[in-house]
Structures are given as structure tokens and as C-alpha cells.
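In what follows, a structure is listed as C-alpha cells, so that the remarks can point back to it.
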Amino acid sequence: MYSKIISDIKAKYGSKLAILGHHYQADEIIRHTDLKGDSLELARQIDKLEAEYIVFCGVHFMAESAAIVRKANQKVYIPDPSAGCVMANMAPAELVDTVLTKILEESGRKIIPLAYVNTPAAVKAVCGKHGGSVCTSANAEKMLKWALERGDGVLFLPDKNLALNTADKLGIPENKRLILNIRKKGEKLNVEETLDKQLLIWPGLCAIHQKFKISQIENLRKKYPGAKVVVHPECPPEIVAAADGDGSTSYLIKYVTEAPVGSTIIIGTETNLVNRLAKQFPDKNILPLSVSFCSNMAKITEQKLAELLQNLESAEFEDVSDNIRIPAKVALERMLKVCA
Ligand code: 13P
Ligand code: SF4
């Protein structure tokens with residue numbers, strides 16, 4: 001029933017409406033999307049879209065990023081604005097500002113903030129104001145290198161796993177990295193400890209990717225000799241080290257697409273994507289490392305999408321106030337330019 005409502009409204013709006021979906025969305029949503037992708041691919045598409053109405057099926061920071069870079073005549077909507085990202089909530093803007101200011105003032109060093117796209121707009125704004133930028137899992141290596149070249153050190157936030165995995169790829173020595181102690185609203189932070197460090201790391205993580213265990217990889221490798229294991233870089237470094245490859249959701253899709261027929265591929269990421277790949281490639285054996293759903297991504301349902309589309313003209317759209325939107329856009333555009 002909802003599917004028919006959505007199709008009819010899409011036909012009515014034609015090119016004035018674009019529905020975007022992240023790869024972790026359920027099939028019932030993905031089948032209605034005009035564009036699907038990883039965070040970087042979707043962010044790149046926004047200013048190329050001609051549609052007046054952009055409906056973003058994903059978590060809130062994704063719709064908010066779209067609202068930051070949208071054109072003046074466009075409106076961005078999300079079917080359920082309460083679909084947050086737990087990791088993004090681990091770095092509230094006020095605390096990021098307090099910690100960064102304390103480090104800058106007490107150390108006298110030029111520290112460049114680099115925010116993972118999984119952050120609120122206000123955090124991206126802090127980065128924009130301090131010469132920093134944004135990265136996604138698809139370009140973290142390139143953007144961390146960019147940030148390191150611009151200062152004496154980098155504050156990477158909020159995902160400690162992505163920070164450590166990217167540091168491993170760039171060969172940043174372990175004694176040059178520090179996971180910050182930001183307990184008690186930053187009061188416990190000892191700036192002296194940061195002085196000789198290149199990479200200061202916010203202690204955030206994604207519970208969906210933190211769950212995976214080395215024993216699961218070992219057991220599945222025993223059960224399926226010759227199987228390949230690929231994971232998302234939000235997984236802990238020991239999981240990435242035990243895998244055959246890691247990368248963004250689009251990397252994982254490409255890996256499966258290019259794998260030989262008959263191969264077994266074990267994937268460590270959100271289960272909606274793994275299940276979809278298993279259905280799409282019945283001639284390959286695609287298995288989840290273990291079942292791990294993102295409950296926030298799952299808040300976007302076909303019913304909510306249909307209800308939003310039925311009331312699009314009067315629905316609330318994503319609006320970011322200019323004092324946040326303008327510096328946040330600076331941070332996002334730096335990334336889009338570096339990774340054009
Ligand atoms: P991608 O940018 O790889 O799509 O990942 C976004 C995300 O939230 C992963 O948990
Ligand atoms: Fe956030 Fe993790 Fe869900 Fe991605 S999978 S949206 S990082 S909670």
C-alpha cells in the first residue's frame with residue numbers, strides 16, 4: 001500500500017523530487033531511491049541535483065549535511081528527524097569547542113580539527129572556523145594527510161577506530177597518537193600530554209561496528225576456508241588487521257561485485273547492506289561477520305516516507321541557522337574540493 005502511494009507521488013512530482021538513500025537503509029526504502037550511496041557519494045551529489053524537494057533516507061547528520069550544501073531554492077527533508085547517529089552524539093559541539101580551545105590556548109600549537117561526517121552541523125562549524133574540515137570513511141586517509149600538512153597536529157573526531165585505522169594506513173607512529181581523556185566535560189584533559197602528539201583522537205565509536213570479535217573472524221575462516229573478510233573502518237583496529245580489506249560501504253559493495261563467482265565473502269558492517277548483497281549476488285556466498293543492525297537507520301520506514309511525501313508542502317524541512325551553516329559549509333566544501 002505504502003509502496004503504491006510513494007510511486008504515485010514520485011510520478012506526480014517528477015524531477016522536482018529526489019529521494020536519496022544511504023546503503024544501510026532497508027530494501028523497502030532503497031527501492032524508492034533515485035540515488036543511493038555512501039556518505040561521500042551522497043554529499044557530492046547534493047549541489048548537482050536540480051530537484052526542489054530532496055528527501056534524505058538515512059540518519060539525521062546526513063540530511064543536515066545536505067541542508068548545509070543545498071541551493072537556495074531547495075528544501076531537504078528526512079522521514080524521521082529522530083533518526084540520530086549514536087556516534088555523532090558522542091561529540092557535542094560545545095564540548096568539542098571547549099576541548100579544542102583549551103588545547104589551542106594552552107599548547108600554543110596549530111591543531112587542525114578534522115570531523116568525521118558523522119557529526120552534528122555545529123561540530124562541522126567549529127572545524128570550519130578553525131581551518132579544519134570534514135572526512136568520510138571513503139576519504140579519511142586523504143583528508144587526514146591534508147590536515148597534517150596544515151598544522152602541528154590534528155584533532156580527529158569523534159570516531160577513535162576510524163582515526164586509529166587511518167593512522168595505521170598513513171604510518172603515524174603509535175607514540176605520536178593520543179586518545180583524549182574528555183571525561184567530566186574536558187576537565188580531565190591534560191594538555192601537557194598532547195604536546196608531542198601528531199594525532200589527538202576523540203574517544204567516540206559506533207556500537208554497531210564495535211561489536212565484531214576476532215573469535216568470529218577465526219571461527220568463520222575455519223568454517224569457510226579461503227573465505228575473504230572485509231570490514232568497515234569504524235571497526236576496531238584489531239578487526240581491520242585481521243580482515244583482508246576495509247573501506248566505506250561503497251568499497252564493500254565494489255569488493256563483492258568484483259569477487260569471483262562461487263567465492264565466500266564475510267562482511268563486517270551493518271546487516272541491511274550485507275543482506276541486500278547476499279540477495280543481489282546469489283552466485284556468491286555473502287555472510288555477515290555477525291548480525292548488527294543500526295536501529296536509527298531502521299527508523300526510516302516505508303510508512304514514514306509515504307506520510308512525509310503526502311504532506312511534503314507543509315512538512316518541516318531541515319533548516320540550519322546561518323551562524324552554523326556558513327562555517328559548516330566552509331568545512332564541507334574544503335573536503336569536497338580536496339576530494340573532487
Ligand atoms: P559510509 O560513509 O561508509 O557509507 O558509512 C557511514 C556510516 O555511518 C557507517 O556507519
Ligand atoms: Fe552511526 Fe554507527 Fe549507525 Fe553509522 S552504523 S549511522 S556510525 S550508529
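Order determines the names: the first chain of the C-alpha cells is A, the second B, and so forth; residues in each chain are numbered 1 upward, and ligands are numbered 1 upward as they are shown.
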Go through range 2-221 of chain A and collect every residue that DSSP, computed from the backbone, puts in helix (DSSP H, G or I); the answer should be as a VMD selection string. chain A and resid 2 to 16 27 to 30 39 to 48 60 to 69 88 to 90 93 to 107 121 to 129 140 to 148 160 to 170 174 to 176 184 to 186 191 to 194 207 to 210 214 to 221
With only C-alpha atoms as the counted atoms, please give the residues lying no more than 12 Å from Ala167 in chain A, apart from itself and same-chain residues fewer than 4 positions off, as an mmCIF file with N, CA and C atoms, in the first residue's frame.
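Final output, saved to out.cif:
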data_model
loop_
_atom_site.group_PDB
_atom_site.id
_atom_site.type_symbol
_atom_site.label_atom_id
_atom_site.label_comp_id
_atom_site.auth_asym_id
_atom_site.auth_seq_id
_atom_site.Cartn_x
_atom_site.Cartn_y
_atom_site.Cartn_z
ATOM 1 N N ALA A 140 39.122 9.330 4.431
ATOM 2 C CA ALA A 140 39.768 9.694 5.699
ATOM 3 C C ALA A 140 41.293 9.810 5.543
ATOM 4 N N GLU A 141 41.878 8.916 4.750
ATOM 5 C CA GLU A 141 43.332 8.924 4.573
ATOM 6 C C GLU A 141 43.787 10.239 3.915
ATOM 7 N N LYS A 142 43.101 10.582 2.836
ATOM 8 C CA LYS A 142 43.437 11.787 2.083
ATOM 9 C C LYS A 142 43.236 13.036 2.949
ATOM 10 N N MET A 143 42.126 13.065 3.686
ATOM 11 C CA MET A 143 41.823 14.263 4.484
ATOM 12 C C MET A 143 42.705 14.369 5.719
ATOM 13 N N LEU A 144 43.092 13.241 6.307
ATOM 14 C CA LEU A 144 43.993 13.320 7.470
ATOM 15 C C LEU A 144 45.362 13.816 7.000
ATOM 16 N N LYS A 145 45.797 13.356 5.857
ATOM 17 C CA LYS A 145 47.076 13.818 5.288
ATOM 18 C C LYS A 145 46.989 15.332 5.034
ATOM 19 N N LEU A 148 47.159 17.145 8.352
ATOM 20 C CA LEU A 148 48.502 17.084 8.962
ATOM 21 C C LEU A 148 49.450 18.071 8.296
ATOM 22 N N VAL A 154 46.652 17.217 14.528
ATOM 23 C CA VAL A 154 45.243 17.145 14.118
ATOM 24 C C VAL A 154 44.399 16.628 15.290
ATOM 25 N N PHE A 156 41.155 14.662 15.614
ATOM 26 C CA PHE A 156 40.243 13.857 14.785
ATOM 27 C C PHE A 156 39.063 13.446 15.658
ATOM 28 N N LYS A 160 37.172 7.054 17.220
ATOM 29 C CA LYS A 160 38.554 6.654 17.525
ATOM 30 C C LYS A 160 39.015 5.501 16.631
ATOM 31 N N ASN A 161 38.091 4.626 16.247
ATOM 32 C CA ASN A 161 38.514 3.499 15.412
ATOM 33 C C ASN A 161 38.931 3.959 14.022
ATOM 34 N N LEU A 162 38.121 4.847 13.435
ATOM 35 C CA LEU A 162 38.486 5.359 12.104
ATOM 36 C C LEU A 162 39.809 6.130 12.199
ATOM 37 N N ALA A 163 39.995 6.870 13.299
ATOM 38 C CA ALA A 163 41.249 7.618 13.478
ATOM 39 C C ALA A 163 42.432 6.661 13.541
ATOM 40 N N GLY A 171 50.891 5.419 8.496
ATOM 41 C CA GLY A 171 52.152 5.144 9.197
ATOM 42 C C GLY A 171 52.460 6.142 10.308
ATOM 43 N N ILE A 172 51.427 6.705 10.927
ATOM 44 C CA ILE A 172 51.668 7.605 12.073
ATOM 45 C C ILE A 172 52.049 6.716 13.267
ATOM 46 N N PRO A 173 53.264 6.910 13.832
ATOM 47 C CA PRO A 173 53.697 6.006 14.900
ATOM 48 C C PRO A 173 52.766 6.040 16.109
ATOM 49 N N GLU A 174 52.694 4.905 16.823
ATOM 50 C CA GLU A 174 51.761 4.817 17.962
ATOM 51 C C GLU A 174 52.080 5.847 19.040
ATOM 52 N N ASN A 175 53.377 6.168 19.205
ATOM 53 C CA ASN A 175 53.733 7.132 20.271
ATOM 54 C C ASN A 175 53.445 8.584 19.872
ATOM 55 N N LYS A 176 52.918 8.754 18.669
ATOM 56 C CA LYS A 176 52.525 10.109 18.215
ATOM 57 C C LYS A 176 51.004 10.274 18.214
ATOM 58 N N ARG A 177 50.294 9.276 18.757
ATOM 59 C CA ARG A 177 48.824 9.343 18.813
ATOM 60 C C ARG A 177 48.389 9.376 20.279
ATOM 61 N N LEU A 178 47.290 10.058 20.535
ATOM 62 C CA LEU A 178 46.771 10.074 21.906
ATOM 63 C C LEU A 178 45.242 10.077 21.876
ATOM 64 N N GLN A 198 51.029 13.946 17.273
ATOM 65 C CA GLN A 198 50.587 14.408 15.947
ATOM 66 C C GLN A 198 49.080 14.260 15.805
ATOM 67 N N LEU A 199 48.548 13.199 16.420
ATOM 68 C CA LEU A 199 47.136 12.886 16.222
ATOM 69 C C LEU A 199 46.419 12.779 17.567
ATOM 70 N N LEU A 200 45.522 13.736 17.819
ATOM 71 C CA LEU A 200 44.730 13.739 19.047
ATOM 72 C C LEU A 200 43.364 13.164 18.682
ATOM 73 N N ILE A 201 42.945 12.153 19.415
ATOM 74 C CA ILE A 201 41.782 11.367 18.987
ATOM 75 C C ILE A 201 40.646 11.465 20.004
ATOM 76 N N PRO A 233 35.789 0.587 8.227
ATOM 77 C CA PRO A 233 36.851 1.093 9.109
ATOM 78 C C PRO A 233 36.364 1.707 10.419
ATOM 79 N N PRO A 237 40.698 -1.499 15.389
ATOM 80 C CA PRO A 237 41.889 -1.796 14.582
ATOM 81 C C PRO A 237 42.251 -3.280 14.528
#
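Near Leu35 in chain A, within a cut-off of 12 Å and counting only C-alpha atoms, sit the residues Leu17, Ala18, Ile19, Leu20, Gly21, His22, His23, Ile29, Glu41, Leu42, Ala43, Arg44, Gln45, Ile46, Lys48, Leu49, Ile54, Val55, Phe56 and Cys57 of chain A, with same-chain residues fewer than 6 positions away left out.
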Residues from the last selection, C-alpha atoms, saved as a tab-separated table (two decimals), in the first residue's frame:
chain	number	residue	atom	x	y	z
A	17	LEU	CA	11.57	15.47	-6.20
A	18	ALA	CA	14.72	13.43	-5.45
A	19	ILE	CA	14.82	10.61	-2.90
A	20	LEU	CA	18.30	9.76	-1.64
A	21	GLY	CA	19.17	6.69	0.44
A	22	HIS	CA	22.20	5.53	2.36
A	23	HIS	CA	23.33	1.92	1.79
A	29	ILE	CA	13.29	2.21	1.19
A	41	GLU	CA	28.89	9.95	-2.76
A	42	LEU	CA	25.61	11.35	-1.42
A	43	ALA	CA	27.23	14.56	-0.11
A	44	ARG	CA	28.84	15.08	-3.54
A	45	GLN	CA	25.52	14.81	-5.35
A	46	ILE	CA	23.54	17.45	-3.44
A	48	LYS	CA	24.29	18.80	-8.62
A	49	LEU	CA	20.63	17.99	-8.00
A	54	ILE	CA	15.23	16.43	-1.53
A	55	VAL	CA	14.15	13.61	0.76
A	56	PHE	CA	17.09	12.05	2.58
A	57	CYS	CA	16.61	8.50	3.83
So which residues touch Cys235 in chain A within 10 Å, counting only C-alpha atoms, skipping near sequence neighbours fewer than 3 positions away, as a ChimeraX atom specification? /A:159-162,165,205-213,231-232,238-241,246,268-269
Mind dumping the selected residues with N, CA and C atoms as a PDB file, in the first residue's frame?
ATOM      1  N   ASP A 159      35.272   9.473  15.837  1.00  0.00           N
ATOM      2  CA  ASP A 159      35.449   8.016  15.802  1.00  0.00           C
ATOM      3  C   ASP A 159      36.903   7.607  16.039  1.00  0.00           C
ATOM      4  N   LYS A 160      37.172   7.054  17.220  1.00  0.00           N
ATOM      5  CA  LYS A 160      38.554   6.654  17.525  1.00  0.00           C
ATOM      6  C   LYS A 160      39.015   5.501  16.631  1.00  0.00           C
ATOM      7  N   ASN A 161      38.091   4.626  16.247  1.00  0.00           N
ATOM      8  CA  ASN A 161      38.514   3.499  15.412  1.00  0.00           C
ATOM      9  C   ASN A 161      38.931   3.959  14.022  1.00  0.00           C
ATOM     10  N   LEU A 162      38.121   4.847  13.435  1.00  0.00           N
ATOM     11  CA  LEU A 162      38.486   5.359  12.104  1.00  0.00           C
ATOM     12  C   LEU A 162      39.809   6.130  12.199  1.00  0.00           C
ATOM     13  N   ASN A 165      42.626   3.458  12.568  1.00  0.00           N
ATOM     14  CA  ASN A 165      42.812   2.701  11.317  1.00  0.00           C
ATOM     15  C   ASN A 165      43.448   3.568  10.239  1.00  0.00           C
ATOM     16  N   LEU A 205      32.856   6.136  19.273  1.00  0.00           N
ATOM     17  CA  LEU A 205      32.826   4.891  18.487  1.00  0.00           C
ATOM     18  C   LEU A 205      31.402   4.574  18.042  1.00  0.00           C
ATOM     19  N   CYS A 206      31.290   3.626  17.117  1.00  0.00           N
ATOM     20  CA  CYS A 206      29.975   3.155  16.671  1.00  0.00           C
ATOM     21  C   CYS A 206      29.746   1.772  17.277  1.00  0.00           C
ATOM     22  N   ALA A 207      28.702   1.666  18.084  1.00  0.00           N
ATOM     23  CA  ALA A 207      28.430   0.390  18.774  1.00  0.00           C
ATOM     24  C   ALA A 207      28.149  -0.744  17.783  1.00  0.00           C
ATOM     25  N   ILE A 208      27.616  -0.387  16.631  1.00  0.00           N
ATOM     26  CA  ILE A 208      27.259  -1.412  15.625  1.00  0.00           C
ATOM     27  C   ILE A 208      28.526  -2.078  15.064  1.00  0.00           C
ATOM     28  N   HIS A 209      29.591  -1.295  14.942  1.00  0.00           N
ATOM     29  CA  HIS A 209      30.853  -1.835  14.410  1.00  0.00           C
ATOM     30  C   HIS A 209      31.814  -2.284  15.513  1.00  0.00           C
ATOM     31  N   GLN A 210      31.601  -1.797  16.726  1.00  0.00           N
ATOM     32  CA  GLN A 210      32.472  -2.162  17.847  1.00  0.00           C
ATOM     33  C   GLN A 210      32.215  -3.613  18.267  1.00  0.00           C
ATOM     34  N   LYS A 211      31.022  -4.108  17.936  1.00  0.00           N
ATOM     35  CA  LYS A 211      30.572  -5.445  18.368  1.00  0.00           C
ATOM     36  C   LYS A 211      31.401  -6.612  17.834  1.00  0.00           C
ATOM     37  N   PHE A 212      31.996  -6.421  16.652  1.00  0.00           N
ATOM     38  CA  PHE A 212      32.629  -7.567  15.986  1.00  0.00           C
ATOM     39  C   PHE A 212      33.841  -8.066  16.771  1.00  0.00           C
ATOM     40  N   LYS A 213      34.023  -9.393  16.778  1.00  0.00           N
ATOM     41  CA  LYS A 213      35.064 -10.023  17.594  1.00  0.00           C
ATOM     42  C   LYS A 213      36.034 -10.808  16.700  1.00  0.00           C
ATOM     43  N   VAL A 231      35.713  -5.424   6.036  1.00  0.00           N
ATOM     44  CA  VAL A 231      35.003  -4.729   7.130  1.00  0.00           C
ATOM     45  C   VAL A 231      35.004  -3.221   6.896  1.00  0.00           C
ATOM     46  N   HIS A 232      34.116  -2.555   7.625  1.00  0.00           N
ATOM     47  CA  HIS A 232      34.073  -1.083   7.585  1.00  0.00           C
ATOM     48  C   HIS A 232      35.135  -0.540   8.553  1.00  0.00           C
ATOM     49  N   GLU A 238      42.013  -4.033  15.627  1.00  0.00           N
ATOM     50  CA  GLU A 238      42.378  -5.461  15.582  1.00  0.00           C
ATOM     51  C   GLU A 238      41.486  -6.227  14.605  1.00  0.00           C
ATOM     52  N   ILE A 239      40.250  -5.751  14.409  1.00  0.00           N
ATOM     53  CA  ILE A 239      39.346  -6.400  13.444  1.00  0.00           C
ATOM     54  C   ILE A 239      39.800  -6.057  12.020  1.00  0.00           C
ATOM     55  N   VAL A 240      40.158  -4.797  11.817  1.00  0.00           N
ATOM     56  CA  VAL A 240      40.643  -4.377  10.492  1.00  0.00           C
ATOM     57  C   VAL A 240      41.929  -5.141  10.154  1.00  0.00           C
ATOM     58  N   ALA A 241      42.799  -5.298  11.155  1.00  0.00           N
ATOM     59  CA  ALA A 241      44.069  -6.009  10.912  1.00  0.00           C
ATOM     60  C   ALA A 241      43.827  -7.479  10.565  1.00  0.00           C
ATOM     61  N   ASP A 246      39.438  -3.262   4.140  1.00  0.00           N
ATOM     62  CA  ASP A 246      38.446  -2.426   4.829  1.00  0.00           C
ATOM     63  C   ASP A 246      38.176  -1.194   3.990  1.00  0.00           C
ATOM     64  N   GLY A 268      31.907  -7.339   7.653  1.00  0.00           N
ATOM     65  CA  GLY A 268      31.707  -6.749   8.977  1.00  0.00           C
ATOM     66  C   GLY A 268      31.169  -5.335   8.856  1.00  0.00           C
ATOM     67  N   THR A 269      29.849  -5.235   8.754  1.00  0.00           N
ATOM     68  CA  THR A 269      29.196  -3.920   8.738  1.00  0.00           C
ATOM     69  C   THR A 269      27.710  -4.112   9.054  1.00  0.00           C
TER      70      THR A 269
END
Distance criterion (only C-alpha atoms and all ligand atoms): nearest to ligand 1 out of A:Phe281, A:Phe317, A:Tyr53, A:Phe61: A:Phe61
List all protein, DNA and RNA residues that have at least one atom no more than 7 Å from any atom of ligand 2, counting only C-alpha atoms and all ligand atoms, and write them as a CSV table (one decimal) with C-alpha atoms, in the first residue's frame.
chain,number,residue,atom,x,y,z
A,59,VAL,CA,20.3,9.3,9.7
A,85,CYS,CA,23.7,8.5,14.9
A,86,VAL,CA,24.9,7.4,18.4
A,87,MET,CA,28.5,8.1,17.4
A,88,ALA,CA,27.6,11.6,16.3
A,118,ASN,CA,29.1,11.6,11.4
A,206,CYS,CA,30.0,3.2,16.7
A,207,ALA,CA,28.4,0.4,18.8
A,208,ILE,CA,27.3,-1.4,15.6
A,209,HIS,CA,30.9,-1.8,14.4
A,270,GLU,CA,25.5,-3.1,9.2
A,294,CYS,CA,21.6,0.2,13.1
A,296,ASN,CA,18.5,4.6,13.9
A,297,MET,CA,18.8,3.8,10.2
Using only C-alpha atoms and all ligand atoms, which residues of the polymer chains come no farther than 7 Å from ligand 1? I'd like the answer as a PyMOL selection string. chain A and resi 22-23+37-40+118+136-138+206+232+234+247-250
Any chance you could export the current selection's N, CA and C atoms as an mmCIF file, in the first residue's frame?
data_model
loop_
_atom_site.group_PDB
_atom_site.id
_atom_site.type_symbol
_atom_site.label_atom_id
_atom_site.label_comp_id
_atom_site.auth_asym_id
_atom_site.auth_seq_id
_atom_site.Cartn_x
_atom_site.Cartn_y
_atom_site.Cartn_z
ATOM 1 N N HIS A 22 20.898 6.098 1.996
ATOM 2 C CA HIS A 22 22.202 5.526 2.362
ATOM 3 C C HIS A 22 22.112 3.998 2.241
ATOM 4 N N HIS A 23 23.285 3.378 1.994
ATOM 5 C CA HIS A 23 23.326 1.918 1.793
ATOM 6 C C HIS A 23 22.799 1.107 2.980
ATOM 7 N N GLY A 37 23.986 5.671 -2.012
ATOM 8 C CA GLY A 37 25.435 5.786 -1.962
ATOM 9 C C GLY A 37 25.975 5.769 -0.555
ATOM 10 N N ASP A 38 27.309 5.902 -0.464
ATOM 11 C CA ASP A 38 27.922 6.067 0.851
ATOM 12 C C ASP A 38 27.863 7.552 1.198
ATOM 13 N N SER A 39 28.352 7.925 2.379
ATOM 14 C CA SER A 39 28.202 9.312 2.831
ATOM 15 C C SER A 39 28.862 10.292 1.855
ATOM 16 N N LEU A 40 30.023 9.929 1.324
ATOM 17 C CA LEU A 40 30.735 10.844 0.432
ATOM 18 C C LEU A 40 29.992 11.011 -0.894
ATOM 19 N N ASN A 118 30.043 12.003 10.363
ATOM 20 C CA ASN A 118 29.075 11.591 11.390
ATOM 21 C C ASN A 118 29.192 12.521 12.605
ATOM 22 N N THR A 136 35.026 11.468 5.340
ATOM 23 C CA THR A 136 34.129 10.311 5.413
ATOM 24 C C THR A 136 35.028 9.075 5.469
ATOM 25 N N SER A 137 34.407 7.918 5.601
ATOM 26 C CA SER A 137 35.250 6.709 5.657
ATOM 27 C C SER A 137 35.940 6.484 4.307
ATOM 28 N N ALA A 138 35.386 7.057 3.233
ATOM 29 C CA ALA A 138 35.970 6.839 1.901
ATOM 30 C C ALA A 138 37.194 7.721 1.646
ATOM 31 N N CYS A 206 31.290 3.626 17.117
ATOM 32 C CA CYS A 206 29.975 3.155 16.671
ATOM 33 C C CYS A 206 29.746 1.772 17.277
ATOM 34 N N HIS A 232 34.116 -2.555 7.625
ATOM 35 C CA HIS A 232 34.073 -1.083 7.585
ATOM 36 C C HIS A 232 35.135 -0.540 8.553
ATOM 37 N N GLU A 234 35.051 1.648 10.696
ATOM 38 C CA GLU A 234 34.572 2.005 12.037
ATOM 39 C C GLU A 234 34.776 0.836 13.003
ATOM 40 N N GLY A 247 36.974 -0.646 4.148
ATOM 41 C CA GLY A 247 36.627 0.560 3.404
ATOM 42 C C GLY A 247 35.164 0.934 3.626
ATOM 43 N N SER A 248 34.771 2.015 2.979
ATOM 44 C CA SER A 248 33.420 2.559 3.120
ATOM 45 C C SER A 248 32.384 1.548 2.617
ATOM 46 N N THR A 249 31.120 1.876 2.800
ATOM 47 C CA THR A 249 30.066 0.973 2.342
ATOM 48 C C THR A 249 30.172 0.741 0.823
ATOM 49 N N SER A 250 30.574 1.774 0.076
ATOM 50 C CA SER A 250 30.712 1.595 -1.381
ATOM 51 C C SER A 250 31.886 0.676 -1.714
#
Hey, which of A:Phe293, A:Tyr2, A:Tyr116, A:Tyr77 ends up closest to Val134 in chain A? Count only C-alpha atoms. A:Tyr116
Which of these residues is nearest to Tyr13 in chain A, using only C-alpha atoms: A:Leu170, A:Ile324, A:Leu312, A:Met335? A:Leu312
Name the closest residue to Ala242 in chain A among the candidates A:Asn181, A:Ser65, A:Gln216, A:Asn311; distances are taken between atoms, counting only C-alpha atoms.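 Smallest distance to Ala242 in chain A is found for A:Gln216.
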Those of range 61-251 of chain A in DSSP strand (DSSP E), formatted as an mmCIF file with C-alpha atoms, in the first residue's frame:
data_model
loop_
_atom_site.group_PDB
_atom_site.id
_atom_site.type_symbol
_atom_site.label_atom_id
_atom_site.label_comp_id
_atom_site.auth_asym_id
_atom_site.auth_seq_id
_atom_site.Cartn_x
_atom_site.Cartn_y
_atom_site.Cartn_z
ATOM 1 C CA LYS A 75 14.429 22.015 0.717
ATOM 2 C CA VAL A 76 15.791 18.902 2.439
ATOM 3 C CA TYR A 77 13.561 16.527 4.394
ATOM 4 C CA ILE A 111 45.933 21.990 15.809
ATOM 5 C CA ILE A 112 43.639 21.364 12.831
ATOM 6 C CA PRO A 113 40.239 19.833 13.685
ATOM 7 C CA LEU A 114 39.027 17.118 11.315
ATOM 8 C CA ALA A 115 35.456 15.913 11.860
ATOM 9 C CA TYR A 116 34.126 12.631 10.537
ATOM 10 C CA SER A 133 37.483 20.158 7.508
ATOM 11 C CA VAL A 134 35.382 17.015 7.338
ATOM 12 C CA CYS A 135 36.078 13.484 6.153
ATOM 13 C CA GLY A 153 48.804 18.281 14.745
ATOM 14 C CA VAL A 154 45.243 17.145 14.118
ATOM 15 C CA LEU A 155 42.229 16.701 16.388
ATOM 16 C CA PHE A 156 40.243 13.857 14.785
ATOM 17 C CA LEU A 157 36.680 13.319 15.968
ATOM 18 C CA ARG A 177 48.824 9.343 18.813
ATOM 19 C CA LEU A 178 46.771 10.074 21.906
ATOM 20 C CA ILE A 179 43.178 9.130 22.712
ATOM 21 C CA LEU A 199 47.136 12.886 16.222
ATOM 22 C CA LEU A 200 44.730 13.739 19.047
ATOM 23 C CA ILE A 201 41.782 11.367 18.987
ATOM 24 C CA LYS A 228 37.624 -13.298 2.335
ATOM 25 C CA VAL A 229 36.758 -10.967 5.199
ATOM 26 C CA VAL A 230 36.063 -7.270 4.526
ATOM 27 C CA VAL A 231 35.003 -4.729 7.130
ATOM 28 C CA GLY A 245 40.354 -5.359 3.410
ATOM 29 C CA ASP A 246 38.446 -2.426 4.829
#
Which residue is closest to Asn219 in chain A? Choose from A:Thr264, A:Asn139, A:Leu289, A:Ile253 and count only C-alpha atoms.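 When distances to Asn219 in chain A are compared using only C-alpha atoms, the smallest one comes from A:Leu289.
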Nearest residue to Ala72 in chain A from the set A:Val261, A:Ile267, A:Ala278, A:Ala51 (distances using only C-alpha atoms):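 When distances to Ala72 in chain A are compared using only C-alpha atoms, the smallest one comes from A:Ala51.
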CA of Val123 in chain A to CA of Pro92 in chain A, straight-line distance in Å: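 Between these atoms lies a distance of 7.1 Å.
Excluding Ala26 in chain A itself and same-chain residues fewer than 5 positions from it, the residues having an atom within 12 Å of it are Gly21, Arg31, His32, Thr33, Lys36, Cys57, Gly58, Glu270, Thr271, Asn272, Leu273, Val274, Asn275, Arg276, Leu277, Phe293, Cys294, Ser295, Asn296, Met297, Ala298, Lys299, Ile300, Thr301 and Glu302 of chain A, counting only C-alpha atoms.
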